[in-house]
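Novice: Here it is: the structure, laid out below.
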Amino acid sequence: MRFQLSSGLSIVVCLGCFSAFLLKYLSGSGGKKEDVEKETGLGLIKKKNENFEEWYSEVVVHGEMIEYYDISGCYILRPWTMAIWETMQAFFDAEIKKMKIKNCYFPLFVSPAGLKKEKDDIEGFAPEVAWVTKSGKSELEVPIAIRPTSETVMYPYYSKWIRGHRDLPLKLNQWCNVVRWEFSNPTPFIKSREFLWQEGHTAFATKEEADKEVLEILEVYRRIYEEYLAIPIVKGKKSESEKLAGGLYTTSVEAFVPNTGRGVQGATSHCLGQNLDITYENEKGEKAMIWQNSWSYSTRTIGVMVMVHGDDKGLVLPPKVASIQAIVIPVPFKDANTHVIFDACLKIVAQLSEAGFRVEADLRDNYSPDWKYSHWELKGVPLRIEIGAKDLEKKQVGCVRRDNCVKVDIPVVDLVKEVKDMFDKIQQNLFDVAKQKRDASIQVARTWDEFTVALSNKKLILAPWCDEHEVEENVKARTKSEIGAAKSLCSPFDQPELPEGTLCFASGKPAKKWTYWGRSY
């Protein structure tokens with residue numbers, strides 16, 4: 001662009017350089033944050049309360065959790081996601097090893113004969129099985145299935161390895177991927193064609209041992225959700241319609257997303273009973289059948305965390321699972337000694353890292369502090385630590401919490417203690433806020449009319465039920481719509497009092513239990 005000056009001289013200015021200078025000048029001189037977002041594209045376009053599905057897609061991409069892949073329903077899990085998964089994996093792996101459960105790995109591929117042999121256990125997954133039919137240009141003589149779960153792969157070898165009572169219990173777990181192909185409306189983390197999970201498969205001599213482990217594992221799953229992801233859950237038992245096909249009974253931890261009014265089956269712990277026909281010689285020298293369990297949780301957990309805690313600025317990560325728990329940002333102003341401020345930032349990082357926290361500094365000189373604030377808020381880092389020239393003079397730092405945006409100044413000498421205290425408070429506050437929102441969404445429905453009103457209002461419905469399969473199927477049929485049908489989520493272990501004479505909300509028959517109902521992912 002050419003400018004004509006009054007003196008008659010003219011100057012030529014590069015528009016790109018001028019724009020970059022203007023942006024840097026405005027942001028460095030106190031330009032509004034929304035101006036930075038507008039210029040850089042950092043801000044989310046969709047609002048969580050207005051368009052949840054598109055907000056969710058935005059936040060997992062812009063928050064650098066995933067990247068879309070060129071095969072529908074498959075996603076690239078970026079380091080920001082894998083760090084969260086690895087934290088949960090480390091916790092869970094340590095807990096199951098305390099229970100003398102050992103890790104193993106079985107092949108990805110399943111023979112048709114294996115699928116057919118365990119048809120009862122694979123029944124619920126049959127439509128989702130993906131098949132390999134070609135090798136290069138040649139058709140395979142026998143197609144090979146890709147595991148949707150590993151019962152059919154593992155149990156023939158359990159039968160081989162378990163011969164006598166001294167071979168029990170056999171307790172194995174594997175960390176792997178599985179593929180489930182046929183479904184509509186893929187959603188990152190929540191519903192994908194390939195996902196990561198752990199699956200435990202254990203065998204016992206008695207039902208008492210199996211029952212005990214089912215609940216022990218379920219408690220570890222509760223801890224993952226409530227202690228690590230700060231998400232309240234309900235522990236309970238699945239209905240006969242919703243239990244694992246071929247199993248004796250299924251227990252689960254159930255989460256809830258208030259914005260969508262949908263439940264999420266967070267993790268499951270199944271007792272498979274004795275229907276797998278694996279026998280051994282017991283202590284009396286008699287032929288007996290083993291009792292089997294299976295249990296699993298997956299990367300779905302991460303999607304639930306994003307849905308529950310995220311806001312219009314982006315991700316909000318609990319400190320226990322955040323890859324970076326605190327980000328240190330220098331705030332240099334005019335004539336400030338940038339090197340001194342940068343050195344102070346690195347000293348804070350070293351101090352907090354030595355104390356065991358996951359901390360980094362953002363010292364990039366091509367972005368303004370405001371831009372960095374927006375960037376790390378979008379990525380959900382629990383705590384932002386700001387250091388400017390005045391902070392150096394006062395021997396303090398500014399700390400801003402991601403969960404509530406509260407800023408406090410903290411003396412450097414007290415920083416380790418105060419940061420630990422803030423992380424504890426952030427973790428607890430995220431859980432408390434999520435629980436308050438979840439609890440506010442629970443509605444008791446004693447009649448069908450109350451049930452349908454609550455369902456239309458996106459509630460988590462607690463209703464008295466007669467516990468009959470036909471009645472649940474009827475509820476599904478009567479509530480079927482474009483956004484899905486309502487179904488039982490679980491019957492909570494912690495049962496409210498059920499007064500004598502209470503009737504089922506759906507059938508009018510005598511109620512046997514309280515059960516949570518709703519639409520689900």
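So you can find residues: chains in the structure tokens are A, B, ... in the order shown, residues in each start at 1, and ligands are numbered from 1 in order.
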Write down as a list in words the residues of stretch 158-244 of chain A whose backbone DSSP state falls under strand (DSSP E or B).

Specialist: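 Written out, the strand (DSSP E or B) residues of stretch 158-244 of chain A are Gly164, Leu170, Lys171, Leu172, Asn173, Gln174, Trp175, Cys176, Asn177, Val178, Val179, Thr187, Lys191, Glu194, Phe195, Leu196, Trp197, Gln198, Glu199, Gly200, His201, Thr202, Ala203, Phe204, Val234, Lys235, Gly236 and Lys237 of chain A.
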
Novice: Within 6 Å of stretch 103-119 of chain A, counting only C-alpha atoms, which residues qualify if same-chain residues fewer than 5 places away don't, as a PDB file with all heavy atoms, in the first residue's frame?

Specialist:
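The result, stored in around.pdb:
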ATOM      1  N   ILE A 144     -11.533 -63.173   8.205  1.00  0.00           N
ATOM      2  CA  ILE A 144     -11.079 -63.047   9.593  1.00  0.00           C
ATOM      3  C   ILE A 144     -11.747 -61.825  10.206  1.00  0.00           C
ATOM      4  O   ILE A 144     -11.746 -60.732   9.625  1.00  0.00           O
ATOM      5  CB  ILE A 144      -9.544 -62.905   9.653  1.00  0.00           C
ATOM      6  CG1 ILE A 144      -8.868 -64.156   9.085  1.00  0.00           C
ATOM      7  CG2 ILE A 144      -9.084 -62.664  11.087  1.00  0.00           C
ATOM      8  CD1 ILE A 144      -7.366 -64.012   8.952  1.00  0.00           C
ATOM      9  N   ALA A 145     -12.322 -61.990  11.400  1.00  0.00           N
ATOM     10  CA  ALA A 145     -12.984 -60.883  12.098  1.00  0.00           C
ATOM     11  C   ALA A 145     -11.968 -60.084  12.909  1.00  0.00           C
ATOM     12  O   ALA A 145     -10.935 -60.611  13.336  1.00  0.00           O
ATOM     13  CB  ALA A 145     -14.081 -61.419  13.011  1.00  0.00           C
ATOM     14  N   ILE A 146     -12.253 -58.804  13.085  1.00  0.00           N
ATOM     15  CA  ILE A 146     -11.463 -57.947  13.975  1.00  0.00           C
ATOM     16  C   ILE A 146     -12.237 -57.827  15.284  1.00  0.00           C
ATOM     17  O   ILE A 146     -13.432 -57.552  15.289  1.00  0.00           O
ATOM     18  CB  ILE A 146     -11.242 -56.568  13.348  1.00  0.00           C
ATOM     19  CG1 ILE A 146     -10.499 -56.706  12.023  1.00  0.00           C
ATOM     20  CG2 ILE A 146     -10.463 -55.665  14.300  1.00  0.00           C
ATOM     21  CD1 ILE A 146     -10.346 -55.402  11.270  1.00  0.00           C
ATOM     22  N   ARG A 147     -11.540 -58.044  16.394  1.00  0.00           N
ATOM     23  CA  ARG A 147     -12.228 -58.178  17.677  1.00  0.00           C
ATOM     24  C   ARG A 147     -13.085 -56.963  18.027  1.00  0.00           C
ATOM     25  O   ARG A 147     -12.606 -55.825  18.009  1.00  0.00           O
ATOM     26  CB  ARG A 147     -11.224 -58.415  18.815  1.00  0.00           C
ATOM     27  CG  ARG A 147     -10.275 -57.259  19.024  1.00  0.00           C
ATOM     28  CD  ARG A 147      -9.375 -57.414  20.244  1.00  0.00           C
ATOM     29  NE  ARG A 147      -8.356 -56.377  20.205  1.00  0.00           N
ATOM     30  CZ  ARG A 147      -7.048 -56.578  20.376  1.00  0.00           C
ATOM     31  NH1 ARG A 147      -6.589 -57.774  20.617  1.00  0.00           N
ATOM     32  NH2 ARG A 147      -6.202 -55.571  20.308  1.00  0.00           N
ATOM     33  N   THR A 152     -14.221 -64.189  22.784  1.00  0.00           N
ATOM     34  CA  THR A 152     -14.073 -65.291  21.831  1.00  0.00           C
ATOM     35  C   THR A 152     -12.613 -65.616  21.542  1.00  0.00           C
ATOM     36  O   THR A 152     -12.293 -66.726  21.133  1.00  0.00           O
ATOM     37  CB  THR A 152     -14.774 -64.949  20.507  1.00  0.00           C
ATOM     38  OG1 THR A 152     -14.227 -63.734  19.990  1.00  0.00           O
ATOM     39  CG2 THR A 152     -16.263 -64.776  20.707  1.00  0.00           C
ATOM     40  N   LEU A 172      -6.632 -62.137  34.342  1.00  0.00           N
ATOM     41  CA  LEU A 172      -5.856 -61.450  33.307  1.00  0.00           C
ATOM     42  C   LEU A 172      -6.562 -60.166  32.855  1.00  0.00           C
ATOM     43  O   LEU A 172      -7.783 -60.073  32.872  1.00  0.00           O
ATOM     44  CB  LEU A 172      -5.648 -62.360  32.097  1.00  0.00           C
ATOM     45  CG  LEU A 172      -4.920 -63.685  32.339  1.00  0.00           C
ATOM     46  CD1 LEU A 172      -4.807 -64.463  31.038  1.00  0.00           C
ATOM     47  CD2 LEU A 172      -3.545 -63.452  32.959  1.00  0.00           C
ATOM     48  N   ASN A 173      -5.749 -59.226  32.413  1.00  0.00           N
ATOM     49  CA  ASN A 173      -6.249 -57.964  31.860  1.00  0.00           C
ATOM     50  C   ASN A 173      -5.411 -57.634  30.640  1.00  0.00           C
ATOM     51  O   ASN A 173      -4.216 -57.949  30.580  1.00  0.00           O
ATOM     52  CB  ASN A 173      -6.124 -56.836  32.886  1.00  0.00           C
ATOM     53  CG  ASN A 173      -6.478 -55.472  32.306  1.00  0.00           C
ATOM     54  OD1 ASN A 173      -7.630 -55.178  32.051  1.00  0.00           O
ATOM     55  ND2 ASN A 173      -5.463 -54.636  32.092  1.00  0.00           N
ATOM     56  N   GLN A 174      -6.025 -56.993  29.648  1.00  0.00           N
ATOM     57  CA  GLN A 174      -5.224 -56.489  28.528  1.00  0.00           C
ATOM     58  C   GLN A 174      -5.647 -55.073  28.172  1.00  0.00           C
ATOM     59  O   GLN A 174      -6.824 -54.709  28.261  1.00  0.00           O
ATOM     60  CB  GLN A 174      -5.298 -57.413  27.323  1.00  0.00           C
ATOM     61  CG  GLN A 174      -6.602 -57.462  26.567  1.00  0.00           C
ATOM     62  CD  GLN A 174      -6.465 -58.237  25.244  1.00  0.00           C
ATOM     63  OE1 GLN A 174      -5.362 -58.588  24.811  1.00  0.00           O
ATOM     64  NE2 GLN A 174      -7.584 -58.486  24.595  1.00  0.00           N
TER      65      GLN A 174
END

Novice: Quick one: residues within 10 Å of stretch 234-248 of chain A, only C-alpha atoms counted, chain neighbours fewer than 5 positions away excluded, as a PyMOL selection string?

Specialist: chain A and resi 118-125+215+218-219+221-222+253-256+265-276+292-294+467-470+472-473+487-495+515-516

Novice: Using only C-alpha atoms, which protein or nucleic acid residues come within 10 Å of A:Thr301? Drop anything in the same chain fewer than 2 positions from it, and give the result as a CSV table (one decimal) with N, CA and C atoms, in the first residue's frame.

Specialist:
chain,number,residue,atom,x,y,z
A,84,ILE,N,-3.9,-37.9,29.3
A,84,ILE,CA,-5.0,-38.1,30.3
A,84,ILE,C,-5.2,-39.6,30.4
A,85,TRP,N,-5.3,-40.3,29.2
A,85,TRP,CA,-5.5,-41.8,29.2
A,85,TRP,C,-4.3,-42.5,30.0
A,88,MET,N,-4.9,-42.2,33.8
A,88,MET,CA,-5.9,-43.1,34.3
A,88,MET,C,-5.4,-44.6,34.2
A,189,PHE,N,-14.7,-39.9,21.0
A,189,PHE,CA,-14.6,-40.6,22.3
A,189,PHE,C,-15.9,-41.4,22.7
A,190,ILE,N,-17.1,-40.8,22.5
A,190,ILE,CA,-18.3,-41.4,22.9
A,190,ILE,C,-18.7,-42.6,22.1
A,197,TRP,N,-9.2,-49.4,25.2
A,197,TRP,CA,-9.8,-49.7,26.4
A,197,TRP,C,-8.9,-50.7,27.1
A,224,ILE,N,-12.0,-43.7,39.3
A,224,ILE,CA,-11.5,-43.0,38.1
A,224,ILE,C,-12.4,-41.9,37.8
A,225,TYR,N,-13.7,-42.1,37.8
A,225,TYR,CA,-14.7,-41.0,37.5
A,225,TYR,C,-14.7,-39.9,38.5
A,229,LEU,N,-11.5,-37.8,37.3
A,229,LEU,CA,-12.2,-37.0,36.3
A,229,LEU,C,-13.2,-36.0,36.9
A,231,ILE,N,-16.2,-36.4,38.1
A,231,ILE,CA,-17.5,-36.6,37.5
A,231,ILE,C,-18.3,-37.5,38.5
A,255,ALA,N,-22.9,-42.1,34.3
A,255,ALA,CA,-22.7,-40.7,34.4
A,255,ALA,C,-23.9,-40.0,33.7
A,264,VAL,N,-24.7,-41.8,30.4
A,264,VAL,CA,-23.5,-42.4,29.7
A,264,VAL,C,-23.1,-43.6,30.6
A,265,GLN,N,-23.1,-44.7,30.0
A,265,GLN,CA,-22.6,-45.9,30.6
A,265,GLN,C,-21.1,-45.8,30.7
A,266,GLY,N,-20.6,-45.5,31.9
A,266,GLY,CA,-19.2,-45.1,32.1
A,266,GLY,C,-18.2,-46.3,32.1
A,267,ALA,N,-18.6,-47.4,32.7
A,267,ALA,CA,-17.8,-48.6,32.7
A,267,ALA,C,-18.7,-49.7,33.2
A,297,TYR,N,-13.3,-50.5,30.9
A,297,TYR,CA,-13.6,-49.0,30.6
A,297,TYR,C,-12.7,-48.6,29.5
A,298,SER,N,-13.1,-47.5,28.8
A,298,SER,CA,-12.5,-47.1,27.6
A,298,SER,C,-12.2,-45.6,27.5
A,299,THR,N,-11.7,-45.1,26.4
A,299,THR,CA,-11.5,-43.7,26.2
A,299,THR,C,-12.8,-42.9,26.1
A,303,GLY,N,-14.3,-38.4,26.8
A,303,GLY,CA,-15.4,-37.6,26.2
A,303,GLY,C,-16.4,-37.2,27.3
A,304,VAL,N,-16.7,-38.0,28.3
A,304,VAL,CA,-17.6,-37.6,29.3
A,304,VAL,C,-17.1,-36.4,30.1
A,305,MET,N,-15.8,-36.5,30.4
A,305,MET,CA,-15.1,-35.4,31.1
A,305,MET,C,-15.3,-34.1,30.3
A,306,VAL,N,-15.0,-34.1,29.0
A,306,VAL,CA,-15.2,-32.9,28.2
A,306,VAL,C,-16.6,-32.3,28.2

Novice: Record the distance separating atom CA of A:Asp403 and atom CA of A:Thr87, expressed in Å with one decimal.

Specialist: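 About the pair atom CA of A:Asp403 and atom CA of A:Thr87: they are 20.4 Å apart.
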
Novice: Determine, counting only C-alpha atoms, which protein, DNA and RNA residues have an atom within 7 Å of an atom of stretch 155-165 of chain A; residues of the same chain fewer than 2 positions away are not included. Present the result as an MDAnalysis selection string.

Specialist: chainID A and resid 151:153 167:168 278 280:283

Novice: Grab the residues selected above and save them as a PDB file, in the first residue's frame with N, CA, C and O atoms.

Specialist:
ATOM      1  N   GLU A 151     -13.713 -61.919  24.419  1.00  0.00           N
ATOM      2  CA  GLU A 151     -14.145 -63.194  24.992  1.00  0.00           C
ATOM      3  C   GLU A 151     -13.856 -64.358  24.051  1.00  0.00           C
ATOM      4  O   GLU A 151     -13.321 -65.389  24.460  1.00  0.00           O
ATOM      5  N   THR A 152     -14.221 -64.189  22.784  1.00  0.00           N
ATOM      6  CA  THR A 152     -14.073 -65.291  21.831  1.00  0.00           C
ATOM      7  C   THR A 152     -12.613 -65.616  21.542  1.00  0.00           C
ATOM      8  O   THR A 152     -12.293 -66.726  21.133  1.00  0.00           O
ATOM      9  N   VAL A 153     -11.735 -64.655  21.739  1.00  0.00           N
ATOM     10  CA  VAL A 153     -10.310 -64.877  21.517  1.00  0.00           C
ATOM     11  C   VAL A 153      -9.681 -65.579  22.719  1.00  0.00           C
ATOM     12  O   VAL A 153      -8.865 -66.500  22.581  1.00  0.00           O
ATOM     13  N   ASP A 167      -5.056 -74.201  39.372  1.00  0.00           N
ATOM     14  CA  ASP A 167      -4.930 -73.221  38.279  1.00  0.00           C
ATOM     15  C   ASP A 167      -5.824 -72.000  38.498  1.00  0.00           C
ATOM     16  O   ASP A 167      -5.791 -71.068  37.677  1.00  0.00           O
ATOM     17  N   LEU A 168      -6.616 -72.035  39.565  1.00  0.00           N
ATOM     18  CA  LEU A 168      -7.543 -70.936  39.853  1.00  0.00           C
ATOM     19  C   LEU A 168      -7.105 -70.160  41.090  1.00  0.00           C
ATOM     20  O   LEU A 168      -6.481 -70.720  41.996  1.00  0.00           O
ATOM     21  N   ILE A 278     -16.432 -74.060  30.733  1.00  0.00           N
ATOM     22  CA  ILE A 278     -15.027 -74.340  31.038  1.00  0.00           C
ATOM     23  C   ILE A 278     -14.993 -75.119  32.345  1.00  0.00           C
ATOM     24  O   ILE A 278     -15.440 -74.634  33.379  1.00  0.00           O
ATOM     25  N   TYR A 280     -13.028 -77.885  35.249  1.00  0.00           N
ATOM     26  CA  TYR A 280     -11.758 -78.216  35.888  1.00  0.00           C
ATOM     27  C   TYR A 280     -12.020 -79.288  36.953  1.00  0.00           C
ATOM     28  O   TYR A 280     -13.172 -79.585  37.291  1.00  0.00           O
ATOM     29  N   GLU A 281     -10.959 -79.843  37.486  1.00  0.00           N
ATOM     30  CA  GLU A 281     -11.075 -80.831  38.556  1.00  0.00           C
ATOM     31  C   GLU A 281     -10.915 -80.131  39.888  1.00  0.00           C
ATOM     32  O   GLU A 281      -9.873 -79.513  40.149  1.00  0.00           O
ATOM     33  N   ASN A 282     -11.968 -80.180  40.732  1.00  0.00           N
ATOM     34  CA  ASN A 282     -11.915 -79.469  42.003  1.00  0.00           C
ATOM     35  C   ASN A 282     -11.127 -80.243  43.054  1.00  0.00           C
ATOM     36  O   ASN A 282     -10.562 -81.319  42.767  1.00  0.00           O
ATOM     37  N   GLU A 283     -11.091 -79.724  44.286  1.00  0.00           N
ATOM     38  CA  GLU A 283     -10.285 -80.318  45.350  1.00  0.00           C
ATOM     39  C   GLU A 283     -10.739 -81.728  45.712  1.00  0.00           C
ATOM     40  O   GLU A 283      -9.970 -82.521  46.275  1.00  0.00           O
TER      41      GLU A 283
END

Novice: Pull the helix (DSSP H, G or I) assignments for stretch 384-432 of chain A out of DSSP run on the backbone, and list those residues as a short mmCIF file (atom, residue, chain, number, x, y, z; two decimals) with all heavy atoms, in the first residue's frame.

Specialist:
data_model
loop_
_atom_site.label_atom_id
_atom_site.label_comp_id
_atom_site.auth_asym_id
_atom_site.auth_seq_id
_atom_site.Cartn_x
_atom_site.Cartn_y
_atom_site.Cartn_z
N ALA A 389 6.83 -7.39 35.47
CA ALA A 389 7.87 -6.63 36.16
C ALA A 389 7.46 -6.27 37.58
O ALA A 389 8.25 -6.36 38.53
CB ALA A 389 8.19 -5.37 35.35
N LYS A 390 6.19 -5.87 37.76
CA LYS A 390 5.72 -5.51 39.11
C LYS A 390 5.68 -6.72 40.03
O LYS A 390 5.91 -6.60 41.24
CB LYS A 390 4.35 -4.86 39.02
CG LYS A 390 4.36 -3.47 38.38
CD LYS A 390 2.99 -2.83 38.42
CE LYS A 390 3.03 -1.43 37.81
NZ LYS A 390 1.68 -0.80 37.82
N ASP A 391 5.39 -7.88 39.46
CA ASP A 391 5.40 -9.10 40.27
C ASP A 391 6.81 -9.39 40.77
O ASP A 391 6.98 -9.84 41.92
CB ASP A 391 4.89 -10.29 39.45
CG ASP A 391 3.43 -10.14 39.05
OD1 ASP A 391 2.61 -9.85 39.95
OD2 ASP A 391 3.11 -10.31 37.86
N LEU A 392 7.79 -9.16 39.91
CA LEU A 392 9.17 -9.39 40.33
C LEU A 392 9.54 -8.46 41.48
O LEU A 392 10.20 -8.86 42.44
CB LEU A 392 10.13 -9.17 39.16
CG LEU A 392 10.04 -10.19 38.01
CD1 LEU A 392 11.06 -9.83 36.93
CD2 LEU A 392 10.28 -11.60 38.52
N GLU A 393 9.12 -7.18 41.38
CA GLU A 393 9.41 -6.22 42.44
C GLU A 393 8.80 -6.65 43.76
O GLU A 393 9.41 -6.50 44.83
CB GLU A 393 8.88 -4.84 42.05
CG GLU A 393 9.59 -4.19 40.88
CD GLU A 393 8.93 -2.88 40.47
OE1 GLU A 393 8.01 -2.43 41.20
OE2 GLU A 393 9.31 -2.33 39.42
N LYS A 394 7.58 -7.19 43.70
CA LYS A 394 6.86 -7.59 44.92
C LYS A 394 7.14 -9.03 45.33
O LYS A 394 6.58 -9.51 46.33
CB LYS A 394 5.36 -7.40 44.71
CG LYS A 394 4.94 -5.96 44.47
CD LYS A 394 3.43 -5.85 44.24
CE LYS A 394 2.99 -4.43 43.99
NZ LYS A 394 1.52 -4.32 43.77
N VAL A 412 6.05 -15.67 46.22
CA VAL A 412 6.83 -16.77 45.66
C VAL A 412 7.24 -17.75 46.75
O VAL A 412 7.26 -18.97 46.53
CB VAL A 412 8.07 -16.23 44.92
CG1 VAL A 412 8.99 -17.37 44.50
CG2 VAL A 412 7.66 -15.42 43.71
N VAL A 413 7.52 -17.25 47.93
CA VAL A 413 7.97 -18.11 49.02
C VAL A 413 6.89 -19.11 49.44
O VAL A 413 7.20 -20.19 49.94
CB VAL A 413 8.42 -17.25 50.23
CG1 VAL A 413 7.22 -16.55 50.88
CG2 VAL A 413 9.16 -18.11 51.25
N ASP A 414 5.62 -18.79 49.20
CA ASP A 414 4.52 -19.68 49.58
C ASP A 414 3.93 -20.45 48.40
O ASP A 414 2.91 -21.12 48.54
CB ASP A 414 3.38 -18.87 50.23
CG ASP A 414 3.81 -18.16 51.50
OD1 ASP A 414 4.66 -18.71 52.22
OD2 ASP A 414 3.29 -17.06 51.76
N LEU A 415 4.58 -20.34 47.24
CA LEU A 415 3.94 -20.80 46.00
C LEU A 415 3.64 -22.30 45.99
O LEU A 415 2.54 -22.71 45.61
CB LEU A 415 4.83 -20.44 44.80
CG LEU A 415 4.17 -20.65 43.43
CD1 LEU A 415 2.89 -19.85 43.30
CD2 LEU A 415 5.14 -20.28 42.31
N VAL A 416 4.59 -23.14 46.40
CA VAL A 416 4.36 -24.59 46.35
C VAL A 416 3.16 -24.98 47.19
O VAL A 416 2.27 -25.72 46.73
CB VAL A 416 5.62 -25.35 46.81
CG1 VAL A 416 5.31 -26.84 46.99
CG2 VAL A 416 6.76 -25.17 45.81
N LYS A 417 3.10 -24.50 48.40
CA LYS A 417 1.98 -24.82 49.29
C LYS A 417 0.66 -24.31 48.73
O LYS A 417 -0.36 -25.02 48.73
CB LYS A 417 2.23 -24.21 50.67
CG LYS A 417 1.07 -24.37 51.65
CD LYS A 417 1.40 -23.73 52.98
CE LYS A 417 0.20 -23.77 53.92
NZ LYS A 417 -0.96 -23.03 53.41
N GLU A 418 0.66 -23.08 48.23
CA GLU A 418 -0.57 -22.48 47.73
C GLU A 418 -1.05 -23.14 46.44
O GLU A 418 -2.26 -23.31 46.22
CB GLU A 418 -0.36 -20.97 47.49
CG GLU A 418 -0.16 -20.16 48.77
CD GLU A 418 -1.40 -20.16 49.64
OE1 GLU A 418 -2.52 -20.24 49.11
OE2 GLU A 418 -1.24 -20.10 50.88
N VAL A 419 -0.12 -23.52 45.57
CA VAL A 419 -0.50 -24.19 44.33
C VAL A 419 -1.12 -25.55 44.63
O VAL A 419 -2.14 -25.93 44.04
CB VAL A 419 0.71 -24.33 43.38
CG1 VAL A 419 0.42 -25.33 42.26
CG2 VAL A 419 1.04 -22.97 42.78
N LYS A 420 -0.52 -26.29 45.55
CA LYS A 420 -1.11 -27.58 45.93
C LYS A 420 -2.52 -27.38 46.47
O LYS A 420 -3.45 -28.14 46.11
CB LYS A 420 -0.25 -28.26 46.99
CG LYS A 420 -0.82 -29.62 47.41
CD LYS A 420 -0.02 -30.26 48.53
CE LYS A 420 -0.57 -31.65 48.85
NZ LYS A 420 -2.01 -31.66 49.15
N ASP A 421 -2.69 -26.37 47.30
CA ASP A 421 -4.02 -26.09 47.86
C ASP A 421 -5.01 -25.72 46.76
O ASP A 421 -6.17 -26.15 46.77
CB ASP A 421 -3.90 -24.96 48.88
CG ASP A 421 -5.23 -24.68 49.58
OD1 ASP A 421 -5.79 -25.61 50.19
OD2 ASP A 421 -5.72 -23.54 49.50
N MET A 422 -4.55 -24.94 45.78
CA MET A 422 -5.44 -24.55 44.68
C MET A 422 -5.83 -25.75 43.82
O MET A 422 -6.99 -25.87 43.41
CB MET A 422 -4.78 -23.46 43.82
CG MET A 422 -5.06 -22.05 44.34
SD MET A 422 -4.60 -20.77 43.17
CE MET A 422 -2.84 -20.77 43.39
N PHE A 423 -4.88 -26.63 43.55
CA PHE A 423 -5.21 -27.83 42.77
C PHE A 423 -6.26 -28.67 43.48
O PHE A 423 -7.20 -29.17 42.86
CB PHE A 423 -3.96 -28.66 42.52
CG PHE A 423 -3.05 -28.10 41.46
CD1 PHE A 423 -1.70 -28.44 41.43
CD2 PHE A 423 -3.52 -27.23 40.49
CE1 PHE A 423 -0.85 -27.93 40.46
CE2 PHE A 423 -2.69 -26.71 39.51
CZ PHE A 423 -1.35 -27.06 39.50
N ASP A 424 -6.10 -28.82 44.79
CA ASP A 424 -7.09 -29.58 45.56
C ASP A 424 -8.47 -28.92 45.49
O ASP A 424 -9.49 -29.60 45.32
CB ASP A 424 -6.65 -29.70 47.02
CG ASP A 424 -5.43 -30.59 47.20
OD1 ASP A 424 -5.14 -31.39 46.29
OD2 ASP A 424 -4.77 -30.49 48.25
N LYS A 425 -8.49 -27.60 45.58
CA LYS A 425 -9.76 -26.88 45.55
C LYS A 425 -10.40 -26.93 44.16
O LYS A 425 -11.62 -27.05 44.03
CB LYS A 425 -9.55 -25.43 45.98
CG LYS A 425 -9.28 -25.27 47.47
CD LYS A 425 -9.05 -23.82 47.86
CE LYS A 425 -8.83 -23.68 49.35
NZ LYS A 425 -8.54 -22.27 49.75
N ILE A 426 -9.57 -26.84 43.11
CA ILE A 426 -10.10 -26.92 41.74
C ILE A 426 -10.71 -28.30 41.50
O ILE A 426 -11.82 -28.42 40.98
CB ILE A 426 -8.98 -26.65 40.71
CG1 ILE A 426 -8.53 -25.18 40.78
CG2 ILE A 426 -9.48 -26.96 39.29
CD1 ILE A 426 -7.26 -24.90 39.98
N GLN A 427 -9.97 -29.34 41.90
CA GLN A 427 -10.46 -30.71 41.72
C GLN A 427 -11.80 -30.90 42.43
O GLN A 427 -12.76 -31.42 41.86
CB GLN A 427 -9.43 -31.70 42.27
CG GLN A 427 -9.74 -33.15 41.97
CD GLN A 427 -9.34 -33.59 40.58
OE1 GLN A 427 -8.44 -33.03 39.98
NE2 GLN A 427 -10.02 -34.61 40.06
N GLN A 428 -11.88 -30.44 43.68
CA GLN A 428 -13.11 -30.61 44.46
C GLN A 428 -14.24 -29.75 43.91
O GLN A 428 -15.39 -30.19 43.86
CB GLN A 428 -12.85 -30.26 45.93
CG GLN A 428 -14.02 -30.58 46.85
CD GLN A 428 -14.37 -32.06 46.88
OE1 GLN A 428 -13.48 -32.90 47.03
NE2 GLN A 428 -15.65 -32.39 46.71
N ASN A 429 -13.92 -28.54 43.50
CA ASN A 429 -14.96 -27.65 42.97
C ASN A 429 -15.56 -28.19 41.68
O ASN A 429 -16.78 -28.10 41.47
CB ASN A 429 -14.39 -26.25 42.73
CG ASN A 429 -15.46 -25.27 42.28
OD1 ASN A 429 -16.46 -25.05 42.96
ND2 ASN A 429 -15.27 -24.67 41.12
N LEU A 430 -14.72 -28.74 40.82
CA LEU A 430 -15.25 -29.33 39.58
C LEU A 430 -16.23 -30.45 39.89
O LEU A 430 -17.29 -30.56 39.28
CB LEU A 430 -14.10 -29.85 38.71
CG LEU A 430 -13.25 -28.80 38.00
CD1 LEU A 430 -12.07 -29.46 37.29
CD2 LEU A 430 -14.09 -28.02 36.99
N PHE A 431 -15.87 -31.30 40.86
CA PHE A 431 -16.78 -32.38 41.24
C PHE A 431 -18.06 -31.83 41.86
O PHE A 431 -19.17 -32.26 41.52
CB PHE A 431 -16.09 -33.32 42.24
CG PHE A 431 -16.99 -34.44 42.70
CD1 PHE A 431 -17.18 -35.57 41.92
CD2 PHE A 431 -17.67 -34.35 43.90
CE1 PHE A 431 -18.02 -36.59 42.33
CE2 PHE A 431 -18.52 -35.36 44.33
CZ PHE A 431 -18.69 -36.49 43.54
N ASP A 432 -17.92 -30.85 42.76
CA ASP A 432 -19.09 -30.30 43.45
C ASP A 432 -20.06 -29.64 42.47
O ASP A 432 -21.28 -29.82 42.57
CB ASP A 432 -18.66 -29.29 44.52
CG ASP A 432 -17.94 -29.95 45.69
OD1 ASP A 432 -18.05 -31.19 45.83
OD2 ASP A 432 -17.26 -29.24 46.46
#
